[in-house]
Structure formats: structure tokens, C-alpha cells
Amino acid sequence: MTQKLLLILTFIVAGFSLKAQTPVIDSIYSENIKTVILGKEGVEMSLPIIQLGSNERLMLRFDELGDNPNFYRYRIDHCTHDWQISDISVSDYMNGFEEGSIDNQKFSFTTIEHYTNYWQTIPNNMSSFAASGNYLLTVYLQSDPDSIVFTRRFRVYEPLTMVEASVGRPQGAMGLMENQNLSVTINPLAGNYFINPDTYMYVYAQQNGRTDLTRLLPLESMSGNTLNYRWKKENIFPGGNEFRYFDFSNLQFAMNNVWKIEYFGGENIVFLKPDEDRSRKPYSLDIGLNGQYKIAAANAQKPNTEADYAWVNFSLPMERPFLDGNIYIIGDFTNWQMNDLSRMEWNAGIKAYTARLFLKQGYYSYILLFLPTGSSQGETSTLEGDHFQTMNDYYIYVYQRNPGDLYDRLVGFGQTQANR
């Protein structure tokens, strides 16, 4: 175990007993863990969010590469609105147990890459949620609780507000052709009431699944019981572009945006068609998955265990490299994170940025973000271009913590789609 990884794990474990100092994120800490999917049970490519007190459940799935499967357990921790570990007791947010074993597993079938597929529903007959809010799911080795293999964030909301949102063009000279303006109104429901919303409420807006483009919206006005979040600079989002995509559900034939497929050294190798700089190209309608992906394999009835893995090679030809930042492949399959896994490297020999990822067969969508040195928000303008027509998804999360409350409650959830 590297010193860097040991420090990361020590920090996360410490966060269970002490309030974390920095936000928790979706991360994978084991090279053998792949294709971690957490979403609403029965709904493909869904957000990991369920309603408190309902019959809705989350489904967790992941793969472990190799022929020697392990036994895993999970832990659930409540978090604040800004994703720090809450300092409340387990009995405040869970009915039953906050920990449990992952009991379901099945070996891959007729695949070149051997793996074990694991799955678990949350909540289950061992527990249920007693509080709304943000949550962190941590999965670790049953034999060693300190060996954390991955973390995933999810949300539980209670419908105490009605959230309405719409997307239009910004006013004035705020990039009419490049940007999108998000307007949000919030009204109380079910006997809820607003006390000094500037102090006791937090309203976040997120474009697609981008963690770097999630903003805390300032209150613009309050009309009676209606809260208005609009006409502020935080409501103006870069339009970006429709997501790029590729399909390697069939390893015998090159399909959408796949150049060629090879079998070499006992592994499947997929070469995608070279990406291009779209920043100066006109907008082109292309309805996609907005960063999500779907596991699929040709002629497979059970893709969770019958889909194979392959090395997928990305390339972006350019005359010269950027000296003031890096390029990242961003989507759900890279955890929406700009890190070593998703970063493209400059190859001087072929004058191109390249990357390769070990992925499970299916349909994938992504964008290329440029991250300037010293910045925490990626830019779409550099390689994708920004267009007000882009059909982005927007998600709105409403948190409330009135005087006397022990934790940040998630009292509303809404979503809207631009230009659909």
C-alpha cells in the first residue's frame, strides 16, 4: 500500500468519528474494483437519490477483477449539506444498523477477463433511514475494516417543498449564445415553513453530474411563501456541448465512434476514433446520455456478468500541448473527477493527447474538460465550445436546518432539462 493511499484511508476512517474538514467524494481506492454503479433500484442510469419513508431503494453494483473474490461490508454515514461527515449519532439517522455485509455475488460467465459481480440493495431488512440529507456509502474488506475499497455519495430527501425550475437565455450581455440561465422557485409543502432562508436554507444547482459545476444559489427575493433564486451570476451556467459517446457493446465489430478492436496478449483492446476540438464548430443536435453509461453486451442476456472488459484508447490530435492546464475525460465512468485516472497525457511522438481506461462493455458518454492550472472548475469552452442550445440536465437540491435541528435536512429535490 502506498504512503499516499494510506494517508487517504486514514483520513476517511478518522472522518467516521470526527467531523471531516473537507468534503467527501466518490473515490475508488483499489485497482481491482471496477464499474461501481449506485442508483435507484429498477431504474437504469438514475441518480442515487430516494424519498424518505417510501418503498424506494438504492441498488449498488460493482465488479472485482480476478479469480479470488473477497467478502465486503458497507457503512453508511450522514453528511452535511456541503458533504462533510455529520456529528450526529447513528440513531439520529438510521433505524437499525448503519453497517452490513454485501451478500450477493456471482462470477462472470464466458468472459476473457474474469471478475466477480457484487450487488446490494440499500436500505434492506436490516435497516432504514430515519433522516433525510446527504449520505456517504463506504465499502471495505470484511477481513480488514481499514481497507476501504471505494466510497459513493447518495441522497435521501423528504418532499417538504415544491421545487420548480426552468432554463432560458441569460439577460443582457451575459453570453446570449454561449450560456444558460437557471431560474428556481421554491414553495413550502406539508406544513413546512421558511425561517430566514438566507441563514437556514441552502439551495444547490448541479449541471448534469458535474461535481465541479455544482453551485450554491443565492436568494434573489421572497414573495409571500415563495423563494426565488434567479437573475444572479451563480444562475448563469456555461452551455457546453452535447456529450461525446462510443459503443463497444459488440467486441466483434466496430460500432459508434469505435475505430478498431483487437485481441492481443490475452486482452481486448478498443481504439476509439480520434476526438476533435469542437470549440469552433457550430452546434449540432445529438441527444445523448449526458455523461452516463450503460453496461451492455451483444447477445448477452445478463450483461452484469456476461459483459467483458477491454482497454479503451482515447486520443485527441493537436499541434501542440497546453502549457497552462490539463485535459480530462469526464463522465460517470470517471466518477466526474478530474484526477490521474481521467487525465489525458501529451504524446509528442504522434502530436496528440492520449489516455486508456479499462472499461466494461457498453455505451458510454463523456466530455473533454480543460482545467486551467490553479482552478477547480473545468472549462468546456476550450475543447467543446459553449452553446445555449445544449440539452443539459439540471438538478436542484434544497436543504434546510432550522433552529433546533440536529442536521441538514434535504427537504426538496427538483430537476429540469434545457431545450427539451
# chains A, B, ... in the order shown; residues from 1 in each chain; ligands from 1

$ residues_around --residues "Arg244 of chain A" --least-positions-apart "6" --cutoff "7 Å" --atoms "only C-alpha atoms" --output "list in words"
Ser365, Tyr366 and Ile367 of chain A

$ residues_around --residues "Gly240 of chain A" --least-positions-apart "3" --cutoff "7 Å" --atoms "only C-alpha atoms" --output "list in words"
Thr380, Ser381, Glu384, Gly385, Asp386, His387 and Thr390 of chain A

$ residues_around --residues "Val43 of chain A" --least-positions-apart "3" --cutoff "12 Å" --atoms "only C-alpha atoms" --output "mmCIF file with N, CA, C and O atoms, in the first residue's frame"
data_model
loop_
_atom_site.group_PDB
_atom_site.id
_atom_site.type_symbol
_atom_site.label_atom_id
_atom_site.label_comp_id
_atom_site.auth_asym_id
_atom_site.auth_seq_id
_atom_site.Cartn_x
_atom_site.Cartn_y
_atom_site.Cartn_z
ATOM 1 N N ILE A 37 -21.612 1.164 -9.642
ATOM 2 C CA ILE A 37 -22.858 1.827 -10.031
ATOM 3 C C ILE A 37 -23.791 1.873 -8.831
ATOM 4 O O ILE A 37 -24.068 0.847 -8.210
ATOM 5 N N LEU A 38 -24.262 3.061 -8.509
ATOM 6 C CA LEU A 38 -25.226 3.249 -7.427
ATOM 7 C C LEU A 38 -26.361 4.110 -7.961
ATOM 8 O O LEU A 38 -26.146 5.246 -8.376
ATOM 9 N N GLY A 39 -27.558 3.563 -7.976
ATOM 10 C CA GLY A 39 -28.718 4.288 -8.489
ATOM 11 C C GLY A 39 -30.000 3.737 -7.897
ATOM 12 O O GLY A 39 -29.978 2.808 -7.078
ATOM 13 N N LYS A 40 -31.119 4.284 -8.326
ATOM 14 C CA LYS A 40 -32.409 3.831 -7.817
ATOM 15 C C LYS A 40 -32.715 2.441 -8.363
ATOM 16 O O LYS A 40 -32.574 2.185 -9.561
ATOM 17 N N SER A 46 -29.905 6.059 -13.255
ATOM 18 C CA SER A 46 -30.629 7.014 -12.409
ATOM 19 C C SER A 46 -29.710 7.608 -11.353
ATOM 20 O O SER A 46 -28.677 7.034 -10.998
ATOM 21 N N LEU A 47 -30.105 8.772 -10.854
ATOM 22 C CA LEU A 47 -29.361 9.395 -9.764
ATOM 23 C C LEU A 47 -29.504 8.569 -8.488
ATOM 24 O O LEU A 47 -30.555 7.968 -8.244
ATOM 25 N N PRO A 48 -28.479 8.572 -7.635
ATOM 26 C CA PRO A 48 -28.594 7.889 -6.348
ATOM 27 C C PRO A 48 -29.330 8.764 -5.333
ATOM 28 O O PRO A 48 -28.736 9.337 -4.416
ATOM 29 N N ILE A 49 -30.653 8.855 -5.493
ATOM 30 C CA ILE A 49 -31.481 9.638 -4.584
ATOM 31 C C ILE A 49 -32.822 8.938 -4.428
ATOM 32 O O ILE A 49 -33.402 8.482 -5.419
ATOM 33 N N ILE A 50 -33.307 8.812 -3.185
ATOM 34 C CA ILE A 50 -34.595 8.183 -2.902
ATOM 35 C C ILE A 50 -35.354 9.032 -1.897
ATOM 36 O O ILE A 50 -34.785 9.882 -1.206
ATOM 37 N N GLU A 56 -38.886 3.160 -2.105
ATOM 38 C CA GLU A 56 -37.746 3.261 -2.998
ATOM 39 C C GLU A 56 -36.471 2.757 -2.324
ATOM 40 O O GLU A 56 -36.261 2.974 -1.118
ATOM 41 N N ARG A 57 -35.647 2.096 -3.097
ATOM 42 C CA ARG A 57 -34.370 1.606 -2.595
ATOM 43 C C ARG A 57 -33.269 1.908 -3.608
ATOM 44 O O ARG A 57 -33.531 2.117 -4.793
ATOM 45 N N LEU A 58 -32.049 1.912 -3.134
ATOM 46 C CA LEU A 58 -30.892 2.056 -3.992
ATOM 47 C C LEU A 58 -30.323 0.676 -4.310
ATOM 48 O O LEU A 58 -30.408 -0.250 -3.494
ATOM 49 N N MET A 59 -29.759 0.555 -5.503
ATOM 50 C CA MET A 59 -29.063 -0.664 -5.890
ATOM 51 C C MET A 59 -27.600 -0.346 -6.113
ATOM 52 O O MET A 59 -27.260 0.522 -6.926
ATOM 53 N N LYS A 294 -24.143 2.854 -19.848
ATOM 54 C CA LYS A 294 -24.995 1.684 -19.693
ATOM 55 C C LYS A 294 -24.200 0.436 -20.062
ATOM 56 O O LYS A 294 -23.627 0.354 -21.146
#

$ residues_around --residues "Ile350 of chain A" --least-positions-apart "3" --cutoff "10 Å" --atoms "only C-alpha atoms" --output "list in words"
Ser315, Pro317, Met318, Glu319, Trp346, Asn347, Tyr353 and Thr354 of chain A

$ closest_residue --among "A:Leu316, A:Leu217, A:Ala297, A:Gly378" --to "Gln252 of chain A" --atoms "only C-alpha atoms"
A:Ala297

$ closest_atom_pairs --of "segment 31-142 of chain A" --to "segment 153-166 of chain A" --cutoff "10 Å" --atoms "only C-alpha atoms" --output "Markdown table"
| residue | atom | partner | partner_atom | distance |
| --- | --- | --- | --- | --- |
| A:Leu38 | CA | A:Phe154 | CA | 8.1 |
| A:Gly39 | CA | A:Phe154 | CA | 8.5 |
| A:Leu47 | CA | A:Phe154 | CA | 8.2 |
| A:Pro48 | CA | A:Phe154 | CA | 5.0 |
| A:Ile49 | CA | A:Arg155 | CA | 4.6 |
| A:Ile50 | CA | A:Val156 | CA | 5.1 |
| A:Gln51 | CA | A:Tyr157 | CA | 5.0 |
| A:Leu52 | CA | A:Glu158 | CA | 5.3 |
| A:Gly53 | CA | A:Glu158 | CA | 8.1 |
| A:Ser54 | CA | A:Glu158 | CA | 9.5 |
| A:Leu58 | CA | A:Phe154 | CA | 9.0 |
| A:Ile76 | CA | A:Arg153 | CA | 9.7 |
| A:Asp77 | CA | A:Arg153 | CA | 9.7 |
| A:His78 | CA | A:Arg155 | CA | 9.4 |
| A:Cys79 | CA | A:Arg153 | CA | 9.3 |
| A:Trp83 | CA | A:Arg153 | CA | 8.6 |
| A:Phe129 | CA | A:Val156 | CA | 8.1 |
| A:Ala130 | CA | A:Val156 | CA | 9.7 |
| A:Ala131 | CA | A:Val156 | CA | 7.7 |
| A:Ser132 | CA | A:Val156 | CA | 4.8 |
| A:Gly133 | CA | A:Val156 | CA | 5.4 |
| A:Asn134 | CA | A:Arg155 | CA | 4.7 |
| A:Tyr135 | CA | A:Phe154 | CA | 5.3 |
| A:Leu136 | CA | A:Arg153 | CA | 4.6 |
| A:Leu137 | CA | A:Arg153 | CA | 6.1 |
| A:Thr138 | CA | A:Arg153 | CA | 8.8 |
